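Worksheet: the structure to be examined is printed underneath.
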Amino acid sequence: METSPAAPSPRRRVSRAERERQILDAAVAVFAERGYANASMDAVAERVGVTKPVLYTHFGSKEGLLLACVARARTELLDVTSEAAFAAEGPEDMLRRGTLAFFRFLDDRAPAFTLLYSEASIAAEAVEAIRAQQTDFIAGLLGVAAPGADPLQLQGWAQVIVGACERLAVWRKRDPRVTAEQATEYLMDLAWSGLAGRTDRSTDP
């Protein structure tokens, strides 16, 4: 007696949030591998396993997809650095943990890091928003160490630290011998040794 073929199992419905996460993961990989100019929406759609119109429904255009990738990286970066800093004991440990979390984030999400810096000319405003976000975050950490400091002074210190972290990150990408821990200590050796004295003076009566 012949048995009838089994009916194909129904495809699992994917929520909008989950689909967007899948698309962004694929887009980051494709953009990092091929560069924005050479990447196609077809390639992203194929990697996700959806049709190209689905991408346009979610993100509108290839540029919109790139900006969504950058925006997600911005949110994730603030989440990981905040979580690390809030688990610290004291201002110095906050800066150290937050800096280490920054470098580890770039290691864990290397394609996203490649995307940010290789496509900075296209997503310049979005990338600058990440710098501003991290500058405000670090200024807040420094404000804990020096509650009496001028807000403009805190912003100035934070600008220096963010710039130094960014250059260290670029250097590490070119020289993988430098670990996240080493880069963190290089930053702390220079930044905190100077800040410690300045923050002490800022709290003097």
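Residues in the structure tokens are numbered from 1 in each chain, the chains being A, B, ... in the order shown, and ligands are numbered from 1 in the order shown.
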
Find the residues near A:Thr179: any atom within 10 Å, counting only C-alpha atoms, skip ones fewer than 3 places away on the same chain, and give them as number ranges by chain. A: 100, 103-104, 107, 172, 175-176, 182-185

Spatial neighbours of A:Ala73, 9 Å, only C-alpha atoms, chain gap at least 6 places, as number ranges by chain: A: 109, 112-113, 116, 130

When DSSP works through the backbone of this structure, what residues of stretch 28-59 of chain A end up as helix (DSSP H, G or I), shown as a list of chain:residue names?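 Reading the DSSP output for stretch 28-59 of chain A, helix (DSSP H, G or I) covers A:Val28, A:Ala29, A:Val30, A:Phe31, A:Ala32, A:Glu33, A:Arg34, A:Met41, A:Asp42, A:Ala43, A:Val44, A:Ala45, A:Glu46, A:Arg47, A:Val48, A:Lys52, A:Pro53, A:Val54, A:Leu55, A:Tyr56, A:Thr57, A:His58, A:Phe59.
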
Report as a VMD selection string all protein, DNA and RNA residues lying within 12 Å of A:Trp192, evaluated on only C-alpha atoms, omitting residues in the same chain fewer than 3 positions from it. chain A and resid 91 to 96 99 142 145 157 to 158 160 to 161 184 to 189 195 to 200

For A:Gln134, work out the shell of residues within 10 Å, counting only C-alpha atoms and skipping chain neighbours fewer than 6 positions away, then give it as a PDB file with C-alpha atoms, in the first residue's frame.
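Contents of the output file out36.pdb:
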ATOM      1  CA  ARG A  74      25.121  53.198  17.895  1.00  0.00           C
ATOM      2  CA  LEU A  77      27.613  50.520  21.644  1.00  0.00           C
ATOM      3  CA  LEU A  78      25.940  52.719  24.235  1.00  0.00           C
ATOM      4  CA  THR A  81      29.655  50.681  27.447  1.00  0.00           C
ATOM      5  CA  SER A  82      26.958  51.814  29.875  1.00  0.00           C
ATOM      6  CA  PHE A 102      34.319  49.849  23.574  1.00  0.00           C
ATOM      7  CA  GLU A 128      29.199  61.750  13.945  1.00  0.00           C
ATOM      8  CA  GLY A 140      28.976  62.022  32.299  1.00  0.00           C
ATOM      9  CA  ALA A 158      35.632  63.668  26.698  1.00  0.00           C
ATOM     10  CA  GLN A 159      36.406  64.852  23.168  1.00  0.00           C
ATOM     11  CA  ILE A 161      39.282  60.555  25.056  1.00  0.00           C
ATOM     12  CA  VAL A 162      36.837  59.693  22.256  1.00  0.00           C
TER      13      VAL A 162
END

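Nearest residue to A:Ala180, choosing from A:Ala39, A:Leu106, A:Leu152, A:Val30 and counting only C-alpha atoms: A:Leu106.
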
Name the residues in contact with stretch 15-17 of chain A at a cut-off of 12 Å, using only C-alpha atoms, excluding same-chain residues fewer than 6 positions from it; report them as a PyMOL selection string. chain A and resi 23-24+54-55+57-59

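Atom CA of A:Phe137 to atom CA of A:Phe86 spans 11.6 Å [interatomic distance, one decimal].
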
Excluding A:Thr51 and any residue of its chain fewer than 6 positions from it, enumerate the residues within 10 Å of it, using only C-alpha atoms, and give them as a list of chain:residue names. A:Met41, A:Asp42, A:Val44, A:Ala45

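Reported to one decimal place, the separation of atom CA of A:Leu67 from atom CA of A:Ala43 is 17.5 Å.
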
Can you work out the spacing between atom CA of A:Leu115 and atom CA of A:Ala85 in Å, to one decimal?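 If I compute the distance from atom CA of A:Leu115 to atom CA of A:Ala85, I get 25.7 Å.
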
Using only C-alpha atoms, which residue out of A:Ala139, A:Ala169, A:Val50, A:Ala68 lies closest to A:Glu181?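 Counting only C-alpha atoms, the residue closest to A:Glu181 is A:Ala169.
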
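Proximity to A:Ala126 at 12 Å, evaluated using only C-alpha atoms and with sequence-adjacent residues fewer than 4 positions away removed, yields A:Glu63, A:Gly64, A:Leu66, A:Leu67, A:Ala68, A:Cys69, A:Val70, A:Ala71, A:Arg72, A:Ala73, A:Arg74, A:Thr75, A:Leu116, A:Tyr117, A:Glu119, A:Ala120, A:Ser121, A:Ile122, A:Ile130, A:Arg131, A:Ala132, A:Gln133.
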